Amino acid sequence: MERVILHSDLNNFYASVECLYNPEIRNKPVAVVGDVEKRHGIVLAKNYLAKAYGIKTGNAVWEAKEACPEIVFVPPSYDKYLRYSKTAREIYADYTEKIESFGLDECWLDISSSVKLFGGGKAVADKIRQRIKDELGVTASVGVSFNKIFAKLGSDIKKPDATTVISQDDYKYKVWPLPAEDLLYVGRATKRKLNKYGIYTIGDLAKADTKLLKRELGVNGVMLWQFANGLDVSAVSEMNTEPIIKSIGNSTTLPYDVSKDNDVRITLYVLSESVSERLRDNNFLCSTVQIGLRDKNLYSFERQGKLSFPTSSSEEIFKKAYELYRINKPKAPLRSISLRGCSLEGASVRQISCLKEFGDMQKHEAAEMAIDDIRRRFGHFSVQRGIMLTNKELSNLDPKSEHVIHPIGYLR
C-alpha cells in the first residue's frame, strides 16, 4: 500500500493569531517580536504585508523598522499559540491517529489507512484547510506526498491556503528543479559546501556521488541524498507519543554583553541548575556536557566534554561547562550562552565507584534533590547560591519555568 502523508503548515502562525485577536492591525504590516528589554528583540513571525517589505524571521527590530517604518510590533502570546495548535491537532485527529508535531504550527499526518474513507490525499488536505479556516480563523498550506520530506516540501511550495501534491510519478519534475536549500536540513553552511561542488538544485543533489557527500557532510550527506531521491521511509509518530529524549539543555540571551569570567560563572550556574533539575525530573544522568557561546558579533560555536561519571549534579555539570569555557574563551564579549547535558542514560541503574570523587558527586545530587523539593514548595528563588547575590541582573532568571519547550523535530 502506497503511503499518503500530509504536512500541514499554519500560515504566518503567530502573526495570524495576533491579527485575529486585533482587527485594527489586520490590514497593516505586523511582526511578532521578542522582548527588546531582555535583548530578545528579533522578529519571530510576520504577516504577508510585512514580508512584502523584505522583513524576515530573525531580523532585528531596528532592521524591520528601517525596512518598514509603519510596521506594527506585537509581543508573543504563547498561551494563545499553544491553544490554537492543540485545536488544529484535534481537527487532524478526525482523519488519523498518526499525527507528529514539527513545531507549534506544523504537523505530519499519515492517512494511509483512512484515505479511502475520506476521498484521497488531496481531498483530505482540502477539507483540513477549509476546517482550519472556518474553525480557527487562520489559513494553512498542506503538502501531500508519499513520504514526510516531500510532504513538508509541498506545504512550502505554495502559500498561503494551498494544497500541493507531489507523487512518485511527478516528483522529479516538481522537486528536482528546486534550489537545494529548499530541502529540509539544507542550511546555509550545507548549501555553501554543496555549491562548492556544483550542486545547486535538489536534482543535482539526487545525482551526486554519495561518497563525495559522505566525505563532505558525513552521514547527513547520505541522508540528504536519500531525501532528494524520495527514499525517506521514516514513520509518522502516533498522536501523544512521547518523543525520544537525547539531550536536555537550556540557553539564555544575556541582559548585556559579558566579558568578565565571574559573569559567565553566574550564568553557567543558572543554566546548570536548570539542566540538572530537568535531568532529575526525567530520571536521567548525563555523561557529556556541551556549551554554546555566541559573541556580540553573532559568531557562535559549540564545544563538549566528557564527565568522569554520569551525573545529574549541577555542580559537576557546571565544573565541566566552565572548564570548556575557559579553554575556548572567545575574544569578543558574549551575547548568549547555552548549556546541554548529552549522552543520557537512566538513573535507576548506575555503575558505582569507590573513588572519593564519585562519593562527593552523590552527596551533591542528594543535596540538590532536597533543594528541588524546597523550590517546588516555595519557588525557585527561595534557595540560591551565594554567587548569585553578586549580580542580581544576571541571576534573576528561572530558566526552567520560563523556557518554552517546543516539540521535537524530524531528526530524533
# chains A, B, ... in the order shown; residues from 1 in each chain; ligands from 1
$ closest_atom_pairs --of "region 278-334 of chain A" --to "region 351-366 of chain A" --cutoff "8 Å" --atoms "only C-alpha atoms" --output "CSV"
residue,atom,partner,partner_atom,distance
A:Phe309,CA,A:Phe358,CA,7.2
A:Thr311,CA,A:Met361,CA,7.5
A:Ser312,CA,A:Glu365,CA,6.5
A:Ser313,CA,A:Glu365,CA,5.0
A:Ser314,CA,A:Glu365,CA,8.0
A:Glu315,CA,A:His364,CA,7.1
A:Glu316,CA,A:Met361,CA,7.2
$ residues_around --residues "Arg340 (chain A)" --least-positions-apart "6" --cutoff "7 Å" --atoms "only C-alpha atoms" --output "PyMOL selection string"
chain A and resi 247-250+275+289-291
$ write_last_selection --atoms "all heavy atoms" --output "mmCIF file, in the first residue's frame"
data_model
loop_
_atom_site.group_PDB
_atom_site.id
_atom_site.type_symbol
_atom_site.label_atom_id
_atom_site.label_comp_id
_atom_site.auth_asym_id
_atom_site.auth_seq_id
_atom_site.Cartn_x
_atom_site.Cartn_y
_atom_site.Cartn_z
ATOM 1 N N SER A 247 18.921 14.650 24.632
ATOM 2 C CA SER A 247 19.699 15.614 25.406
ATOM 3 C C SER A 247 18.740 16.562 26.102
ATOM 4 O O SER A 247 17.575 16.677 25.720
ATOM 5 C CB SER A 247 20.661 16.394 24.502
ATOM 6 O OG SER A 247 19.949 17.191 23.575
ATOM 7 N N ILE A 248 19.237 17.237 27.141
ATOM 8 C CA ILE A 248 18.439 18.209 27.876
ATOM 9 C C ILE A 248 19.281 19.464 28.026
ATOM 10 O O ILE A 248 20.423 19.400 28.509
ATOM 11 C CB ILE A 248 18.026 17.661 29.260
ATOM 12 C CG1 ILE A 248 17.002 16.519 29.086
ATOM 13 C CG2 ILE A 248 17.449 18.763 30.134
ATOM 14 C CD1 ILE A 248 16.585 15.855 30.384
ATOM 15 N N GLY A 249 18.749 20.595 27.575
ATOM 16 C CA GLY A 249 19.549 21.812 27.612
ATOM 17 C C GLY A 249 18.730 23.056 27.796
ATOM 18 O O GLY A 249 17.500 23.016 27.864
ATOM 19 N N ASN A 250 19.423 24.166 27.871
ATOM 20 C CA ASN A 250 18.785 25.466 28.016
ATOM 21 C C ASN A 250 19.756 26.537 27.559
ATOM 22 O O ASN A 250 20.960 26.302 27.477
ATOM 23 C CB ASN A 250 18.365 25.714 29.465
ATOM 24 C CG ASN A 250 17.067 26.476 29.562
ATOM 25 O OD1 ASN A 250 16.778 27.326 28.722
ATOM 26 N ND2 ASN A 250 16.271 26.186 30.570
ATOM 27 N N VAL A 275 19.375 22.585 33.875
ATOM 28 C CA VAL A 275 19.590 21.306 33.194
ATOM 29 C C VAL A 275 19.558 20.152 34.190
ATOM 30 O O VAL A 275 18.928 19.118 33.942
ATOM 31 C CB VAL A 275 20.931 21.328 32.423
ATOM 32 C CG1 VAL A 275 21.299 19.928 31.929
ATOM 33 C CG2 VAL A 275 20.841 22.297 31.251
ATOM 34 N N VAL A 289 28.820 17.087 28.651
ATOM 35 C CA VAL A 289 28.330 18.453 28.774
ATOM 36 C C VAL A 289 28.726 19.234 27.524
ATOM 37 O O VAL A 289 29.872 19.140 27.069
ATOM 38 C CB VAL A 289 28.908 19.153 30.028
ATOM 39 C CG1 VAL A 289 28.553 20.635 30.043
ATOM 40 C CG2 VAL A 289 28.388 18.469 31.289
ATOM 41 N N GLN A 290 27.773 19.969 26.974
ATOM 42 C CA GLN A 290 28.025 20.783 25.783
ATOM 43 C C GLN A 290 27.667 22.230 26.071
ATOM 44 O O GLN A 290 26.607 22.510 26.633
ATOM 45 C CB GLN A 290 27.202 20.272 24.608
ATOM 46 C CG GLN A 290 27.324 21.114 23.337
ATOM 47 C CD GLN A 290 26.475 20.560 22.227
ATOM 48 O OE1 GLN A 290 26.728 19.464 21.721
ATOM 49 N NE2 GLN A 290 25.452 21.287 21.829
ATOM 50 N N ILE A 291 28.550 23.158 25.711
ATOM 51 C CA ILE A 291 28.228 24.579 25.829
ATOM 52 C C ILE A 291 28.188 25.207 24.441
ATOM 53 O O ILE A 291 28.864 24.744 23.516
ATOM 54 C CB ILE A 291 29.241 25.344 26.715
ATOM 55 C CG1 ILE A 291 30.645 25.320 26.097
ATOM 56 C CG2 ILE A 291 29.248 24.802 28.125
ATOM 57 C CD1 ILE A 291 31.603 26.307 26.748
#
$ closest_residue --among "A:Val32, A:Thr210, A:Lys86, A:Asp204" --to "Ala64 (chain A)" --atoms "only C-alpha atoms"
A:Val32
$ residues_around --residues "Asn229 (chain A)" --least-positions-apart "2" --cutoff "9 Å" --atoms "only C-alpha atoms" --output "ChimeraX atom specification"
/A:171-172,176,202-203,205-207,224-227,231-232
$ select_by_dssp --residues "region 183-332 of chain A" --states "helix (DSSP H, G or I)" --output "ChimeraX atom specification"
/A:188-196,202-206,210-217,219-228,261-281,314-327
$ residues_around --residues "region 163-169 of chain A" --least-positions-apart "2" --cutoff "8 Å" --atoms "only C-alpha atoms" --output "mmCIF file with N, CA, C and O atoms, in the first residue's frame"
data_model
loop_
_atom_site.group_PDB
_atom_site.id
_atom_site.type_symbol
_atom_site.label_atom_id
_atom_site.label_comp_id
_atom_site.auth_asym_id
_atom_site.auth_seq_id
_atom_site.Cartn_x
_atom_site.Cartn_y
_atom_site.Cartn_z
ATOM 1 N N LYS A 122 -5.502 14.520 -1.567
ATOM 2 C CA LYS A 122 -5.809 15.916 -1.866
ATOM 3 C C LYS A 122 -7.147 16.324 -1.261
ATOM 4 O O LYS A 122 -7.297 17.438 -0.729
ATOM 5 N N ALA A 125 -6.668 16.915 2.391
ATOM 6 C CA ALA A 125 -5.924 18.163 2.577
ATOM 7 C C ALA A 125 -6.835 19.378 2.397
ATOM 8 O O ALA A 125 -6.790 20.336 3.188
ATOM 9 N N ASP A 126 -7.676 19.342 1.382
ATOM 10 C CA ASP A 126 -8.598 20.467 1.141
ATOM 11 C C ASP A 126 -9.621 20.606 2.265
ATOM 12 O O ASP A 126 -9.970 21.720 2.681
ATOM 13 N N SER A 141 -1.308 25.785 4.651
ATOM 14 C CA SER A 141 -0.863 25.174 3.410
ATOM 15 C C SER A 141 -0.554 23.718 3.703
ATOM 16 O O SER A 141 0.051 23.409 4.735
ATOM 17 N N VAL A 142 -0.984 22.827 2.801
ATOM 18 C CA VAL A 142 -0.828 21.390 3.049
ATOM 19 C C VAL A 142 -0.119 20.741 1.868
ATOM 20 O O VAL A 142 -0.495 20.944 0.713
ATOM 21 N N GLY A 143 0.924 19.980 2.177
ATOM 22 C CA GLY A 143 1.597 19.178 1.171
ATOM 23 C C GLY A 143 1.131 17.746 1.266
ATOM 24 O O GLY A 143 0.896 17.219 2.364
ATOM 25 N N VAL A 144 0.967 17.100 0.127
ATOM 26 C CA VAL A 144 0.517 15.705 0.063
ATOM 27 C C VAL A 144 1.565 14.922 -0.718
ATOM 28 O O VAL A 144 1.914 15.295 -1.842
ATOM 29 N N SER A 145 2.083 13.843 -0.134
ATOM 30 C CA SER A 145 3.098 13.069 -0.837
ATOM 31 C C SER A 145 3.172 11.653 -0.277
ATOM 32 O O SER A 145 2.347 11.255 0.556
ATOM 33 N N PHE A 146 4.186 10.913 -0.740
ATOM 34 C CA PHE A 146 4.354 9.526 -0.324
ATOM 35 C C PHE A 146 5.419 9.395 0.763
ATOM 36 O O PHE A 146 5.724 8.289 1.205
ATOM 37 N N PHE A 150 8.915 15.061 1.267
ATOM 38 C CA PHE A 150 8.255 15.702 0.132
ATOM 39 C C PHE A 150 6.924 16.336 0.540
ATOM 40 O O PHE A 150 6.488 17.323 -0.050
ATOM 41 N N ALA A 151 6.252 15.772 1.555
ATOM 42 C CA ALA A 151 5.026 16.401 2.061
ATOM 43 C C ALA A 151 5.355 17.769 2.666
ATOM 44 O O ALA A 151 4.658 18.760 2.430
ATOM 45 N N GLY A 154 6.106 20.110 -0.096
ATOM 46 C CA GLY A 154 4.871 20.516 -0.771
ATOM 47 C C GLY A 154 4.165 21.650 -0.052
ATOM 48 O O GLY A 154 3.652 22.572 -0.678
ATOM 49 N N SER A 155 4.156 21.611 1.274
ATOM 50 C CA SER A 155 3.487 22.680 2.024
ATOM 51 C C SER A 155 4.240 23.999 1.915
ATOM 52 O O SER A 155 3.671 25.069 2.128
ATOM 53 N N ILE A 157 5.920 24.933 -0.955
ATOM 54 C CA ILE A 157 5.968 25.388 -2.344
ATOM 55 C C ILE A 157 4.963 26.486 -2.635
ATOM 56 O O ILE A 157 5.272 27.479 -3.294
ATOM 57 N N LYS A 158 3.752 26.326 -2.122
ATOM 58 C CA LYS A 158 2.698 27.298 -2.430
ATOM 59 C C LYS A 158 2.012 27.747 -1.155
ATOM 60 O O LYS A 158 1.468 26.944 -0.414
ATOM 61 N N ASP A 161 -2.723 29.140 2.077
ATOM 62 C CA ASP A 161 -4.002 28.469 1.847
ATOM 63 C C ASP A 161 -4.012 27.686 0.543
ATOM 64 O O ASP A 161 -4.813 27.946 -0.345
ATOM 65 N N TYR A 171 7.544 13.588 -8.965
ATOM 66 C CA TYR A 171 8.422 14.330 -8.049
ATOM 67 C C TYR A 171 9.688 14.844 -8.730
ATOM 68 O O TYR A 171 10.212 15.902 -8.379
ATOM 69 N N LYS A 172 10.182 14.099 -9.734
ATOM 70 C CA LYS A 172 11.392 14.563 -10.419
ATOM 71 C C LYS A 172 11.145 15.874 -11.165
ATOM 72 O O LYS A 172 12.040 16.711 -11.273
ATOM 73 N N LYS A 174 8.684 18.121 -10.314
ATOM 74 C CA LYS A 174 8.295 19.176 -9.375
ATOM 75 C C LYS A 174 9.396 19.527 -8.367
ATOM 76 O O LYS A 174 9.540 20.688 -7.992
ATOM 77 N N GLY A 230 13.696 10.747 -2.920
ATOM 78 C CA GLY A 230 12.387 10.256 -2.488
ATOM 79 C C GLY A 230 12.451 8.970 -1.706
ATOM 80 O O GLY A 230 11.474 8.204 -1.677
#
$ residues_around --residues "region 16-24 of chain A" --least-positions-apart "4" --cutoff "12 Å" --atoms "only C-alpha atoms" --output "ChimeraX atom specification"
/A:10-12,28-33,45-50,72-85,105,133,136-140,160
$ atom_distance --atom1 "CA of Ala347 (chain A)" --atom2 "CA of Pro310 (chain A)"
8.8 Å
$ residues_around --residues "region 327-333 of chain A" --least-positions-apart "5" --cutoff "7 Å" --atoms "only C-alpha atoms" --output "list in words"
Asp257, Val258, Ser259, Asp295 and Lys296 of chain A
$ atom_distance --atom1 "CA of Tyr325 (chain A)" --atom2 "CA of Arg385 (chain A)"
20.3 Å
$ select_by_dssp --residues "region 190-401 of chain A" --states "strand (DSSP E or B)" --output "VMD selection string"
chain A and resid 201 248 to 258 284 to 295 300 to 311 334 to 346
